[in-house]
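Enquirer: Here you go, run-v8.csv (CSV, C-alpha atoms (C1' of nucleotides)):
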chain,number,residue,atom,x,y,z
A,103,MET,CA,-59.3,37.7,2.7
A,104,LEU,CA,-60.8,36.5,-0.6
A,105,LEU,CA,-62.0,39.4,-2.7
A,106,LYS,CA,-64.7,39.0,-5.3
A,107,LYS,CA,-63.2,39.6,-8.7
A,108,HIS,CA,-66.4,40.3,-10.5
A,109,THR,CA,-70.1,40.2,-10.5
A,110,LEU,CA,-72.7,39.5,-13.1
A,111,GLY,CA,-73.1,43.3,-13.4
A,112,SER,CA,-69.4,44.0,-14.0
A,113,LEU,CA,-69.2,41.2,-16.5
A,114,ILE,CA,-72.1,42.7,-18.4
A,115,TRP,CA,-70.5,46.0,-18.3
A,116,LEU,CA,-67.3,44.6,-19.7
A,117,ARG,CA,-69.0,42.8,-22.6
A,118,ILE,CA,-70.9,46.0,-23.5
A,119,THR,CA,-67.8,48.1,-23.4
A,120,ARG,CA,-65.8,45.8,-25.6
A,121,PHE,CA,-68.7,45.4,-28.0
A,122,THR,CA,-69.1,49.1,-28.4
A,123,GLN,CA,-65.4,49.6,-29.0
A,124,GLN,CA,-65.2,46.9,-31.6
A,125,SER,CA,-68.4,47.7,-33.4
A,126,ASN,CA,-67.3,51.3,-33.7
A,127,LEU,CA,-64.0,50.1,-35.2
A,128,LEU,CA,-65.9,48.0,-37.7
A,129,SER,CA,-68.4,50.8,-38.5
A,130,ASN,CA,-65.7,53.4,-39.0
A,131,ASP,CA,-63.8,51.1,-41.3
A,132,PHE,CA,-67.0,50.5,-43.3
A,133,LEU,CA,-68.0,54.2,-43.4
A,134,LYS,CA,-64.5,55.3,-44.5
A,135,SER,CA,-65.6,54.6,-48.1
A,136,PHE,CA,-68.3,57.3,-47.6
A,137,ASP,CA,-65.8,59.7,-46.1
A,138,ILE,CA,-67.6,59.9,-42.8
A,139,THR,CA,-67.2,58.7,-39.3
A,140,VAL,CA,-69.7,56.8,-37.1
A,141,ALA,CA,-70.0,59.8,-34.8
A,142,GLN,CA,-70.8,62.0,-37.8
A,143,PHE,CA,-73.3,59.6,-39.1
A,144,ASP,CA,-75.0,59.4,-35.7
A,145,VAL,CA,-75.3,63.2,-35.6
A,146,LEU,CA,-76.4,63.6,-39.2
A,147,ASN,CA,-79.0,60.9,-38.6
A,148,GLN,CA,-80.4,62.6,-35.6
A,149,ILE,CA,-80.6,65.9,-37.4
A,150,SER,CA,-82.3,64.3,-40.3
A,151,THR,CA,-84.9,62.8,-37.9
A,152,TYR,CA,-85.5,65.9,-35.7
A,153,GLN,CA,-84.7,68.9,-37.8
A,154,PRO,CA,-85.0,71.8,-37.3
A,155,VAL,CA,-83.3,71.3,-33.9
A,156,THR,CA,-81.3,73.4,-31.5
A,157,GLN,CA,-77.8,72.5,-30.5
A,158,ASN,CA,-78.9,71.9,-27.0
A,159,GLY,CA,-81.6,69.5,-28.2
A,160,LEU,CA,-79.2,67.7,-30.5
A,161,ALA,CA,-76.6,67.4,-27.7
A,162,GLU,CA,-79.2,65.7,-25.6
A,163,LYS,CA,-80.3,63.3,-28.4
A,164,VAL,CA,-76.8,62.0,-29.0
A,165,THR,CA,-75.7,62.2,-25.4
A,166,VAL,CA,-72.8,64.5,-26.0
A,167,SER,CA,-71.8,67.6,-24.1
A,168,GLU,CA,-72.6,71.1,-25.4
A,169,GLY,CA,-69.0,71.7,-26.3
A,170,GLY,CA,-68.7,68.5,-28.1
A,171,ILE,CA,-71.7,69.1,-30.3
A,172,SER,CA,-70.5,72.6,-31.0
A,173,ARG,CA,-67.2,71.4,-32.4
A,174,MET,CA,-68.8,68.5,-34.3
A,175,LEU,CA,-71.3,70.9,-36.0
A,176,ALA,CA,-68.5,73.3,-36.9
A,177,ARG,CA,-66.9,70.4,-38.8
A,178,LEU,CA,-70.1,69.2,-40.4
A,179,GLU,CA,-70.8,72.8,-41.5
A,180,LYS,CA,-67.4,73.2,-43.0
A,181,GLU,CA,-68.0,70.0,-44.9
A,182,GLY,CA,-71.2,71.5,-46.2
A,183,TYR,CA,-73.6,68.9,-44.7
A,184,ILE,CA,-75.5,71.2,-42.3
A,185,GLN,CA,-76.4,74.8,-41.8
A,186,ARG,CA,-77.0,76.8,-38.6
A,187,LYS,CA,-79.5,79.7,-38.6
A,188,GLN,CA,-79.3,82.1,-35.7
A,189,ASP,CA,-82.8,83.1,-34.6
A,190,TRP,CA,-83.2,84.9,-31.4
A,191,LYS,CA,-80.8,83.4,-28.9
A,192,THR,CA,-80.7,79.9,-30.4
A,193,LYS,CA,-79.2,78.4,-33.5
A,194,TRP,CA,-81.4,76.1,-35.5
A,195,ILE,CA,-79.8,73.2,-37.3
A,196,THR,CA,-80.9,71.7,-40.6
A,197,LEU,CA,-79.3,69.5,-43.2
A,198,THR,CA,-78.2,71.1,-46.4
A,199,ALA,CA,-79.1,69.6,-49.8
A,200,GLU,CA,-75.7,68.0,-49.8
A,201,GLY,CA,-76.3,66.7,-46.3
A,202,GLU,CA,-79.6,65.1,-47.3
A,203,LYS,CA,-77.9,63.5,-50.3
A,204,LYS,CA,-75.1,62.1,-48.2
A,205,MET,CA,-77.6,60.6,-45.7
A,206,GLU,CA,-79.6,59.1,-48.6
A,207,GLU,CA,-76.4,57.6,-49.9
A,208,VAL,CA,-75.1,56.2,-46.6
A,209,PHE,CA,-78.2,55.5,-44.4
A,210,GLU,CA,-79.4,52.2,-45.8
A,211,HIS,CA,-75.9,50.7,-46.0
A,212,GLN,CA,-75.1,51.6,-42.4
A,213,LEU,CA,-78.5,50.3,-41.3
A,214,ALA,CA,-77.9,47.0,-43.1
A,215,PHE,CA,-74.4,46.8,-41.6
A,216,GLN,CA,-75.7,47.2,-38.0
A,217,THR,CA,-78.6,44.8,-38.7
A,218,THR,CA,-76.4,42.1,-40.1
A,219,LEU,CA,-74.0,42.2,-37.1
A,220,VAL,CA,-76.9,41.4,-34.9
A,221,ASN,CA,-78.8,39.0,-37.2
A,222,GLU,CA,-75.8,36.9,-37.6
A,223,CYS,CA,-75.7,35.8,-34.0
A,224,LEU,CA,-79.1,36.3,-32.4
A,225,THR,CA,-82.6,35.0,-33.3
A,226,GLY,CA,-85.5,37.4,-33.6
A,227,GLU,CA,-86.7,36.4,-30.2
A,228,GLU,CA,-83.3,37.0,-28.6
A,229,GLN,CA,-83.1,40.4,-30.3
A,230,LYS,CA,-86.4,41.4,-28.7
A,231,THR,CA,-85.2,40.3,-25.3
A,232,LEU,CA,-81.9,42.0,-25.7
A,233,TYR,CA,-83.6,45.2,-26.8
A,234,ASN,CA,-85.9,45.2,-23.8
A,235,LEU,CA,-83.2,44.5,-21.3
A,236,MET,CA,-80.8,47.1,-22.8
A,237,THR,CA,-83.7,49.7,-22.8
A,238,LYS,CA,-84.3,49.1,-19.1
A,239,LEU,CA,-80.6,49.4,-18.4
A,240,GLN,CA,-80.1,52.5,-20.5
A,241,LYS,CA,-83.1,54.3,-19.1
A,242,ASN,CA,-81.9,53.6,-15.5
A,243,THR,CA,-78.5,55.0,-16.3
A,244,GLU,CA,-80.0,58.0,-18.1
A,245,ASN,CA,-82.1,58.9,-15.1
A,246,LYS,CA,-79.0,59.0,-12.9
A,247,THR,CA,-77.2,61.2,-15.4
A,248,ARG,CA,-79.9,63.9,-15.0
A,249,ASN,CA,-78.7,64.7,-11.4
B,98,MET,CA,-90.7,54.9,-51.7
B,99,LEU,CA,-91.0,54.3,-48.0
B,100,LEU,CA,-87.6,53.7,-46.4
B,101,LYS,CA,-87.2,51.7,-43.2
B,102,LYS,CA,-86.0,54.0,-40.5
B,103,HIS,CA,-84.6,51.4,-38.2
B,104,THR,CA,-84.4,47.7,-37.4
B,105,LEU,CA,-84.4,45.8,-34.1
B,106,GLY,CA,-80.6,45.6,-34.7
B,107,SER,CA,-80.1,49.3,-35.1
B,108,LEU,CA,-82.3,50.0,-32.1
B,109,ILE,CA,-80.2,47.7,-30.0
B,110,TRP,CA,-77.1,49.4,-31.3
B,111,LEU,CA,-78.4,52.8,-30.3
B,112,ARG,CA,-79.3,51.7,-26.8
B,113,ILE,CA,-75.9,50.1,-26.2
B,114,THR,CA,-74.1,53.2,-27.6
B,115,ARG,CA,-76.1,55.6,-25.4
B,116,PHE,CA,-75.7,53.3,-22.3
B,117,THR,CA,-72.0,53.1,-22.8
B,118,GLN,CA,-71.6,56.9,-23.1
B,119,GLN,CA,-73.8,57.6,-20.1
B,120,SER,CA,-72.3,55.0,-17.8
B,121,ASN,CA,-68.8,56.2,-18.6
B,122,LEU,CA,-69.9,59.7,-17.6
B,123,LEU,CA,-71.2,58.3,-14.3
B,124,SER,CA,-68.1,56.2,-13.7
B,125,ASN,CA,-65.7,59.0,-14.4
B,126,ASP,CA,-67.6,61.3,-12.2
B,127,PHE,CA,-67.5,58.7,-9.4
B,128,LEU,CA,-63.8,57.8,-10.0
B,129,LYS,CA,-62.8,61.5,-9.9
B,130,SER,CA,-62.5,61.3,-6.1
B,131,PHE,CA,-59.9,58.6,-6.6
B,132,ASP,CA,-58.0,60.7,-9.2
B,133,ILE,CA,-58.4,58.2,-11.9
B,134,THR,CA,-60.5,57.7,-15.1
B,135,VAL,CA,-62.6,54.7,-16.1
B,136,ALA,CA,-60.1,54.0,-19.0
B,137,GLN,CA,-57.2,54.0,-16.5
B,138,PHE,CA,-59.1,51.8,-14.1
B,139,ASP,CA,-59.9,49.3,-16.9
B,140,VAL,CA,-56.2,49.1,-17.9
B,141,LEU,CA,-54.9,48.9,-14.3
B,142,ASN,CA,-57.5,46.2,-13.6
B,143,GLN,CA,-56.4,44.1,-16.6
B,144,ILE,CA,-52.7,44.5,-15.6
B,145,SER,CA,-53.5,43.5,-12.0
B,146,THR,CA,-55.2,40.3,-13.4
B,147,TYR,CA,-52.7,39.3,-16.0
B,148,GLN,CA,-49.4,40.7,-14.9
B,149,PRO,CA,-46.7,40.4,-16.1
B,150,VAL,CA,-48.1,41.1,-19.5
B,151,THR,CA,-46.7,42.6,-22.7
B,152,GLN,CA,-48.0,45.8,-24.3
B,153,ASN,CA,-49.3,43.8,-27.2
B,154,GLY,CA,-51.1,41.4,-24.9
B,155,LEU,CA,-52.6,44.2,-22.9
B,156,ALA,CA,-53.8,46.1,-26.0
B,157,GLU,CA,-55.7,43.0,-27.0
B,158,LYS,CA,-57.3,42.5,-23.5
B,159,VAL,CA,-58.6,46.1,-23.4
B,160,THR,CA,-59.4,46.2,-27.2
B,161,VAL,CA,-57.2,49.3,-27.8
B,162,SER,CA,-54.7,49.9,-30.5
B,163,GLU,CA,-50.9,49.5,-30.0
B,164,GLY,CA,-50.5,53.2,-30.2
B,165,GLY,CA,-53.3,53.8,-27.7
B,166,ILE,CA,-51.9,51.4,-25.1
B,167,SER,CA,-48.4,53.0,-25.5
B,168,ARG,CA,-49.7,56.4,-24.6
B,169,MET,CA,-51.9,55.2,-21.8
B,170,LEU,CA,-49.0,53.3,-20.2
B,171,ALA,CA,-46.8,56.3,-20.6
B,172,ARG,CA,-49.3,58.2,-18.5
B,173,LEU,CA,-49.7,55.5,-15.9
B,174,GLU,CA,-46.0,55.2,-15.6
B,175,LYS,CA,-45.6,58.9,-15.1
B,176,GLU,CA,-48.2,58.7,-12.3
B,177,GLY,CA,-46.2,55.9,-10.8
B,178,TYR,CA,-48.8,53.1,-11.0
B,179,ILE,CA,-47.0,50.8,-13.4
B,180,GLN,CA,-43.5,49.9,-14.6
B,181,ARG,CA,-42.2,48.6,-17.9
B,182,LYS,CA,-39.2,46.3,-18.0
B,183,GLN,CA,-37.5,45.8,-21.3
B,184,ASP,CA,-36.5,42.2,-21.7
B,185,TRP,CA,-35.4,41.0,-25.1
B,186,LYS,CA,-37.6,42.7,-27.7
B,187,THR,CA,-40.7,43.1,-25.5
B,188,LYS,CA,-41.6,45.2,-22.5
B,189,TRP,CA,-43.2,43.5,-19.6
B,190,ILE,CA,-45.8,45.5,-17.6
B,191,THR,CA,-46.4,45.2,-13.9
B,192,LEU,CA,-48.1,47.3,-11.2
B,193,THR,CA,-45.8,49.1,-8.8
B,194,ALA,CA,-46.5,49.0,-5.1
B,195,GLU,CA,-48.3,52.3,-5.5
B,196,GLY,CA,-50.4,50.8,-8.4
B,197,GLU,CA,-51.4,47.8,-6.3
B,198,LYS,CA,-52.4,50.1,-3.4
B,199,LYS,CA,-54.5,52.3,-5.8
B,200,MET,CA,-56.3,49.2,-7.1
B,201,GLU,CA,-56.9,47.9,-3.6
B,202,GLU,CA,-58.4,51.2,-2.7
B,203,VAL,CA,-60.6,51.7,-5.8
B,204,PHE,CA,-61.5,48.2,-7.0
B,205,GLU,CA,-64.3,47.2,-4.6
B,206,HIS,CA,-65.9,50.6,-5.0
B,207,GLN,CA,-66.0,50.6,-8.7
B,208,LEU,CA,-67.2,47.0,-8.7
B,209,ALA,CA,-70.0,48.0,-6.3
B,210,PHE,CA,-70.8,50.9,-8.5
B,211,GLN,CA,-71.2,48.9,-11.7
B,212,THR,CA,-73.1,46.2,-9.9
B,213,THR,CA,-75.6,48.6,-8.4
B,214,LEU,CA,-76.3,50.2,-11.7
B,215,VAL,CA,-77.4,46.8,-13.0
B,216,ASN,CA,-79.0,45.4,-9.9
B,217,GLU,CA,-81.3,48.5,-9.6
B,218,CYS,CA,-83.1,47.7,-12.8
B,219,LEU,CA,-82.7,44.0,-13.7
B,220,THR,CA,-83.5,40.8,-11.8
B,221,GLY,CA,-80.9,38.1,-11.4
B,222,GLU,CA,-82.5,36.1,-14.1
B,223,GLU,CA,-82.6,39.0,-16.5
B,224,GLN,CA,-78.9,39.7,-15.8
B,225,LYS,CA,-78.0,36.2,-16.7
B,226,THR,CA,-80.0,36.5,-20.0
B,227,LEU,CA,-78.4,39.9,-20.8
B,228,TYR,CA,-74.9,38.5,-20.1
B,229,ASN,CA,-75.5,35.6,-22.4
B,230,LEU,CA,-76.9,37.7,-25.2
B,231,MET,CA,-74.2,40.4,-25.0
B,232,THR,CA,-71.5,37.6,-24.9
B,233,LYS,CA,-72.8,36.2,-28.2
B,234,LEU,CA,-73.0,39.6,-29.7
B,235,GLN,CA,-69.5,40.7,-28.5
B,236,LYS,CA,-67.9,37.5,-29.7
B,237,ASN,CA,-69.4,37.8,-33.1
B,238,THR,CA,-68.1,41.3,-33.4
B,239,GLU,CA,-64.7,40.3,-32.1
B,240,ASN,CA,-64.4,37.6,-34.8
B,241,LYS,CA,-65.0,40.2,-37.5
B,242,THR,CA,-62.4,42.5,-36.1
B,243,ARG,CA,-59.7,39.9,-36.5
B,244,ASN,CA,-59.8,40.2,-40.3
C,102,DG,C1',-79.8,104.5,-20.3
C,103,DA,C1',-76.5,101.6,-17.4
C,104,DC,C1',-76.1,97.3,-14.7
C,105,DT,C1',-76.9,92.7,-14.1
C,106,DA,C1',-78.7,88.1,-15.2
C,107,DT,C1',-79.4,84.5,-18.1
C,108,DC,C1',-79.5,81.5,-21.9
C,109,DA,C1',-77.2,79.3,-25.9
C,110,DC,C1',-73.2,78.6,-27.8
C,111,DT,C1',-67.9,78.7,-28.3
C,112,DT,C1',-63.3,78.0,-26.8
C,113,DT,C1',-59.5,76.0,-24.3
C,114,DA,C1',-57.0,72.4,-22.1
C,115,DC,C1',-56.8,67.8,-21.8
C,116,DA,C1',-57.9,62.5,-21.9
C,117,DC,C1',-58.2,58.8,-25.0
C,118,DG,C1',-58.9,56.6,-29.4
C,119,DT,C1',-57.4,55.7,-34.5
C,120,DC,C1',-53.9,54.9,-38.4
C,121,DA,C1',-49.7,55.1,-40.5
C,122,DA,C1',-45.0,56.2,-40.4
C,123,DC,C1',-41.0,55.8,-37.6
C,124,DT,C1',-37.4,53.7,-34.3
C,125,DG,C1',-34.6,50.3,-31.8
C,126,DA,C1',-33.5,45.6,-30.7
C,127,DT,C1',-32.7,41.1,-32.3
C,128,DA,C1',-32.1,37.5,-35.8
C,129,DA,C1',-31.0,35.6,-40.1
C,130,DT,C1',-28.3,35.6,-44.2
C,131,DA,C1',-25.1,36.9,-47.8
D,230,DT,C1',-19.0,41.9,-40.9
D,231,DA,C1',-22.7,44.3,-43.6
D,232,DT,C1',-27.5,43.9,-45.1
D,233,DT,C1',-31.9,43.0,-44.5
D,234,DA,C1',-36.1,41.4,-42.1
D,235,DT,C1',-39.0,41.4,-38.4
D,236,DC,C1',-41.1,42.2,-34.2
D,237,DA,C1',-42.5,45.5,-30.4
D,238,DG,C1',-43.2,49.8,-29.2
D,239,DT,C1',-43.3,55.1,-30.1
D,240,DT,C1',-44.8,59.2,-32.3
D,241,DG,C1',-47.4,62.6,-35.3
D,242,DA,C1',-51.6,64.1,-37.1
D,243,DC,C1',-56.1,64.2,-36.1
D,244,DG,C1',-61.2,62.9,-34.5
D,245,DT,C1',-64.1,63.0,-30.6
D,246,DG,C1',-65.3,63.2,-25.7
D,247,DT,C1',-65.2,66.1,-21.1
D,248,DA,C1',-65.3,70.3,-17.8
D,249,DA,C1',-64.8,74.9,-17.1
D,250,DA,C1',-64.1,79.5,-18.5
D,251,DG,C1',-65.4,82.9,-22.0
D,252,DT,C1',-68.6,85.4,-25.4
D,253,DG,C1',-72.8,87.5,-27.4
D,254,DA,C1',-77.6,88.3,-27.6
D,255,DT,C1',-81.7,89.3,-25.0
D,256,DA,C1',-84.3,90.6,-20.9
D,257,DG,C1',-85.2,92.6,-16.6
D,258,DT,C1',-84.3,96.2,-13.1
D,259,DC,C1',-82.6,100.4,-10.9
Could I get this file's structure written as structure tokens?
Expert:
Amino acid sequence: MLLKKHTLGSLIWLRITRFTQQSNLLSNDFLKSFDITVAQFDVLNQISTYQPVTQNGLAEKVTVSEGGISRMLARLEKEGYIQRKQDWKTKWITLTAEGEKKMEEVFEHQLAFQTTLVNECLTGEEQKTLYNLMTKLQKNTENKTRN
Amino acid sequence: MLLKKHTLGSLIWLRITRFTQQSNLLSNDFLKSFDITVAQFDVLNQISTYQPVTQNGLAEKVTVSEGGISRMLARLEKEGYIQRKQDWKTKWITLTAEGEKKMEEVFEHQLAFQTTLVNECLTGEEQKTLYNLMTKLQKNTENKTRN
DNA sequence: GACTATCACTTTACACGTCAACTGATAATA
DNA sequence: TATTATCAGTTGACGTGTAAAGTGATAGTC
């Protein structure tokens, strides 16, 4: 019996997986000069946007487990980028002055880096299309995760 | 001064990152019943397609570092799914009978799982478009990695 | 006031990824 | 033969993800 080796869906999945892996490599390499990783940038960026925010809320924003965000924040706190204030049962996260400064320093470069990677190979129209399709796909997947 | 918070490129990047993370969660959860992870499936699948293959070759196929593939294969060998045969300077990787059996058992289910995730939210036409755009993007990124 | 529940977070054990330093097999040369 | 280079893979230190068990603060109930 002849078995199907792949479908359009599985090919898409493969491309996305490889892209993510490779683009993280590039980003980490780039961010090394700022002494920060792409995961740390992602978290700091979300805090900067949504602060003050609880750990739970942050975990949801960056799609990471509670345990994962706990460890990440411990590191960022040790580095002096963020602070946690216990209030009632929850801890509220904010950037420290040093964290704000770091983000100011890094943000535009990382944004330019990501933007260039896409601009180099896709037209504006193509980017809009890709964004719409990826949004559909991601939202569908997100809904399934909530169960 | 008003700073730009994001570009189409960075929004795409975010969607892709979140999708990857969430879809890996779902896949791992699904594959748990087969006692295998999505990373292991990916590697076994590549071996099954390209065997016999060297560790170097395999590392490139799955976009993982030499060290990473070495550890992964050590695990898979311990589980009895693959074997490594030293020949000259290189080690050639093949699936064992048990590995073949595992893949036969898992493959179609994982393929169906991935396919469904995409079919649920995108039309055939949209899938073709997404595949083409992701291919462009991934290839562009891949080229940059080679330097 | 003591018991229990619950929420928010932490910790542990482990998978999987990186880089950089190391090892082992072969080849090439003095 | 001894020295050195090189290629292929391994290992160590560490970042980041998970699940599941543990902890500490608060609330509700007997």
Enquirer: For a test of reading the model, state the distance in Å between CA of Glu195 in chain B and CA of Tyr178 in chain B, rounded to one decimal.
Expert: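 Pair CA of Glu195 in chain B / CA of Tyr178 in chain B returns 5.6 Å.
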Enquirer: Can you provide chain A as a tab-separated table (two decimals) with C-alpha atoms, in the frame of the given file, superposed onto chain B by least squares across all C-alpha atoms matched in order?
Expert:
chain	number	residue	atom	x	y	z
A	103	MET	CA	-90.74	55.00	-51.68
A	104	LEU	CA	-91.06	54.29	-47.94
A	105	LEU	CA	-87.68	53.69	-46.36
A	106	LYS	CA	-87.27	51.67	-43.21
A	107	LYS	CA	-86.05	53.95	-40.47
A	108	HIS	CA	-84.72	51.28	-38.21
A	109	THR	CA	-84.52	47.68	-37.36
A	110	LEU	CA	-84.42	45.75	-34.16
A	111	GLY	CA	-80.63	45.53	-34.68
A	112	SER	CA	-80.11	49.29	-35.10
A	113	LEU	CA	-82.29	50.00	-32.12
A	114	ILE	CA	-80.18	47.67	-30.03
A	115	TRP	CA	-77.12	49.28	-31.25
A	116	LEU	CA	-78.43	52.68	-30.31
A	117	ARG	CA	-79.40	51.67	-26.77
A	118	ILE	CA	-75.94	50.12	-26.24
A	119	THR	CA	-74.17	53.16	-27.52
A	120	ARG	CA	-76.07	55.56	-25.35
A	121	PHE	CA	-75.70	53.30	-22.34
A	122	THR	CA	-71.98	53.10	-22.74
A	123	GLN	CA	-71.66	56.85	-23.11
A	124	GLN	CA	-73.72	57.59	-20.06
A	125	SER	CA	-72.29	54.92	-17.83
A	126	ASN	CA	-68.81	56.16	-18.64
A	127	LEU	CA	-69.91	59.69	-17.67
A	128	LEU	CA	-71.24	58.37	-14.39
A	129	SER	CA	-68.14	56.21	-13.73
A	130	ASN	CA	-65.72	59.01	-14.47
A	131	ASP	CA	-67.60	61.34	-12.18
A	132	PHE	CA	-67.48	58.69	-9.43
A	133	LEU	CA	-63.78	57.84	-9.98
A	134	LYS	CA	-62.75	61.53	-9.98
A	135	SER	CA	-62.54	61.29	-6.16
A	136	PHE	CA	-59.82	58.62	-6.67
A	137	ASP	CA	-58.02	60.75	-9.21
A	138	ILE	CA	-58.41	58.23	-11.98
A	139	THR	CA	-60.38	57.77	-15.10
A	140	VAL	CA	-62.52	54.77	-16.17
A	141	ALA	CA	-60.09	54.01	-18.99
A	142	GLN	CA	-57.22	54.00	-16.48
A	143	PHE	CA	-59.07	51.82	-14.13
A	144	ASP	CA	-59.88	49.36	-16.92
A	145	VAL	CA	-56.19	49.14	-17.84
A	146	LEU	CA	-54.91	48.93	-14.29
A	147	ASN	CA	-57.46	46.19	-13.64
A	148	GLN	CA	-56.36	44.17	-16.56
A	149	ILE	CA	-52.74	44.49	-15.59
A	150	SER	CA	-53.51	43.48	-12.09
A	151	THR	CA	-55.30	40.35	-13.43
A	152	TYR	CA	-52.72	39.33	-16.11
A	153	GLN	CA	-49.41	40.68	-15.00
A	154	PRO	CA	-46.68	40.34	-16.09
A	155	VAL	CA	-48.05	41.18	-19.56
A	156	THR	CA	-46.70	42.61	-22.77
A	157	GLN	CA	-48.08	45.75	-24.29
A	158	ASN	CA	-49.35	43.85	-27.22
A	159	GLY	CA	-51.20	41.44	-24.92
A	160	LEU	CA	-52.63	44.27	-22.85
A	161	ALA	CA	-53.75	46.13	-26.01
A	162	GLU	CA	-55.66	43.06	-27.02
A	163	LYS	CA	-57.29	42.59	-23.56
A	164	VAL	CA	-58.70	46.10	-23.47
A	165	THR	CA	-59.39	46.33	-27.17
A	166	VAL	CA	-57.25	49.34	-27.79
A	167	SER	CA	-54.74	49.95	-30.54
A	168	GLU	CA	-50.99	49.57	-29.95
A	169	GLY	CA	-50.49	53.29	-30.04
A	170	GLY	CA	-53.23	53.93	-27.65
A	171	ILE	CA	-51.91	51.55	-25.04
A	172	SER	CA	-48.45	52.97	-25.47
A	173	ARG	CA	-49.57	56.47	-24.60
A	174	MET	CA	-51.84	55.29	-21.77
A	175	LEU	CA	-48.93	53.32	-20.16
A	176	ALA	CA	-46.62	56.32	-20.50
A	177	ARG	CA	-49.15	58.24	-18.38
A	178	LEU	CA	-49.70	55.48	-15.87
A	179	GLU	CA	-45.91	55.15	-15.51
A	180	LYS	CA	-45.46	58.82	-14.95
A	181	GLU	CA	-48.10	58.60	-12.27
A	182	GLY	CA	-46.10	55.84	-10.67
A	183	TYR	CA	-48.76	53.09	-10.95
A	184	ILE	CA	-46.91	50.73	-13.33
A	185	GLN	CA	-43.45	49.84	-14.45
A	186	ARG	CA	-42.17	48.55	-17.81
A	187	LYS	CA	-39.15	46.20	-17.93
A	188	GLN	CA	-37.48	45.77	-21.28
A	189	ASP	CA	-36.47	42.14	-21.78
A	190	TRP	CA	-35.40	41.04	-25.14
A	191	LYS	CA	-37.60	42.75	-27.69
A	192	THR	CA	-40.68	43.11	-25.47
A	193	LYS	CA	-41.57	45.25	-22.52
A	194	TRP	CA	-43.18	43.53	-19.60
A	195	ILE	CA	-45.73	45.43	-17.57
A	196	THR	CA	-46.37	45.10	-13.85
A	197	LEU	CA	-48.06	47.21	-11.24
A	198	THR	CA	-45.88	49.07	-8.83
A	199	ALA	CA	-46.51	48.96	-5.06
A	200	GLU	CA	-48.34	52.22	-5.44
A	201	GLY	CA	-50.33	50.78	-8.32
A	202	GLU	CA	-51.40	47.77	-6.26
A	203	LYS	CA	-52.43	50.09	-3.42
A	204	LYS	CA	-54.47	52.28	-5.71
A	205	MET	CA	-56.29	49.22	-7.16
A	206	GLU	CA	-56.94	47.92	-3.62
A	207	GLU	CA	-58.37	51.30	-2.75
A	208	VAL	CA	-60.56	51.75	-5.84
A	209	PHE	CA	-61.48	48.20	-7.07
A	210	GLU	CA	-64.29	47.28	-4.70
A	211	HIS	CA	-65.98	50.68	-4.94
A	212	GLN	CA	-65.97	50.64	-8.74
A	213	LEU	CA	-67.20	47.04	-8.71
A	214	ALA	CA	-70.06	47.96	-6.37
A	215	PHE	CA	-70.86	51.00	-8.52
A	216	GLN	CA	-71.17	48.90	-11.73
A	217	THR	CA	-73.12	46.19	-9.86
A	218	THR	CA	-75.60	48.58	-8.40
A	219	LEU	CA	-76.36	50.21	-11.79
A	220	VAL	CA	-77.40	46.86	-13.04
A	221	ASN	CA	-79.07	45.49	-9.88
A	222	GLU	CA	-81.26	48.44	-9.68
A	223	CYS	CA	-83.14	47.66	-12.85
A	224	LEU	CA	-82.73	44.00	-13.72
A	225	THR	CA	-83.52	40.77	-11.78
A	226	GLY	CA	-80.89	38.09	-11.41
A	227	GLU	CA	-82.52	36.10	-14.13
A	228	GLU	CA	-82.56	39.04	-16.54
A	229	GLN	CA	-78.90	39.72	-15.77
A	230	LYS	CA	-78.02	36.17	-16.79
A	231	THR	CA	-79.93	36.50	-20.01
A	232	LEU	CA	-78.46	39.85	-20.77
A	233	TYR	CA	-74.97	38.54	-20.10
A	234	ASN	CA	-75.45	35.60	-22.42
A	235	LEU	CA	-76.90	37.61	-25.23
A	236	MET	CA	-74.23	40.36	-24.95
A	237	THR	CA	-71.47	37.62	-24.92
A	238	LYS	CA	-72.83	36.15	-28.14
A	239	LEU	CA	-72.99	39.58	-29.70
A	240	GLN	CA	-69.55	40.64	-28.55
A	241	LYS	CA	-67.87	37.45	-29.63
A	242	ASN	CA	-69.45	37.75	-33.14
A	243	THR	CA	-68.18	41.27	-33.47
A	244	GLU	CA	-64.75	40.32	-32.13
A	245	ASN	CA	-64.37	37.60	-34.72
A	246	LYS	CA	-65.01	40.09	-37.51
A	247	THR	CA	-62.46	42.49	-36.06
A	248	ARG	CA	-59.71	39.84	-36.47
A	249	ASN	CA	-59.83	40.18	-40.33
Enquirer: Using all atoms listed in the file, I'd like a table of the residues in chain A that come within 12 Å of chain D; for each, show the closest atom pair and its distance in Å rounded to one decimal, ordered by chain and ascending number, as CSV.
Expert:
residue,atom,partner,partner_atom,distance
A:Asn130,CA,D:DG244,C1',11.4
A:Ile138,CA,D:DG244,C1',10.9
A:Thr139,CA,D:DG244,C1',8.8
A:Val140,CA,D:DT245,C1',10.6
A:Ala141,CA,D:DT245,C1',7.9
A:Gln142,CA,D:DT245,C1',9.9
A:Thr165,CA,D:DG246,C1',10.5
A:Val166,CA,D:DG246,C1',7.6
A:Ser167,CA,D:DT247,C1',7.4
A:Glu168,CA,D:DT247,C1',9.9
A:Gly169,CA,D:DT247,C1',8.5
A:Gly170,CA,D:DG246,C1',6.7
A:Ile171,CA,D:DT245,C1',9.7
A:Ser172,CA,D:DT245,C1',11.5
A:Arg173,CA,D:DT245,C1',9.1
A:Met174,CA,D:DT245,C1',8.1
A:Leu175,CA,D:DT245,C1',12.0
A:Arg177,CA,D:DG244,C1',10.4
A:Gln188,CA,D:DA254,C1',10.3
A:Asp189,CA,D:DA254,C1',10.2
A:Trp190,CA,D:DA254,C1',7.6
A:Lys191,CA,D:DA254,C1',6.0
A:Thr192,CA,D:DA254,C1',9.4
A:Lys193,CA,D:DA254,C1',11.6
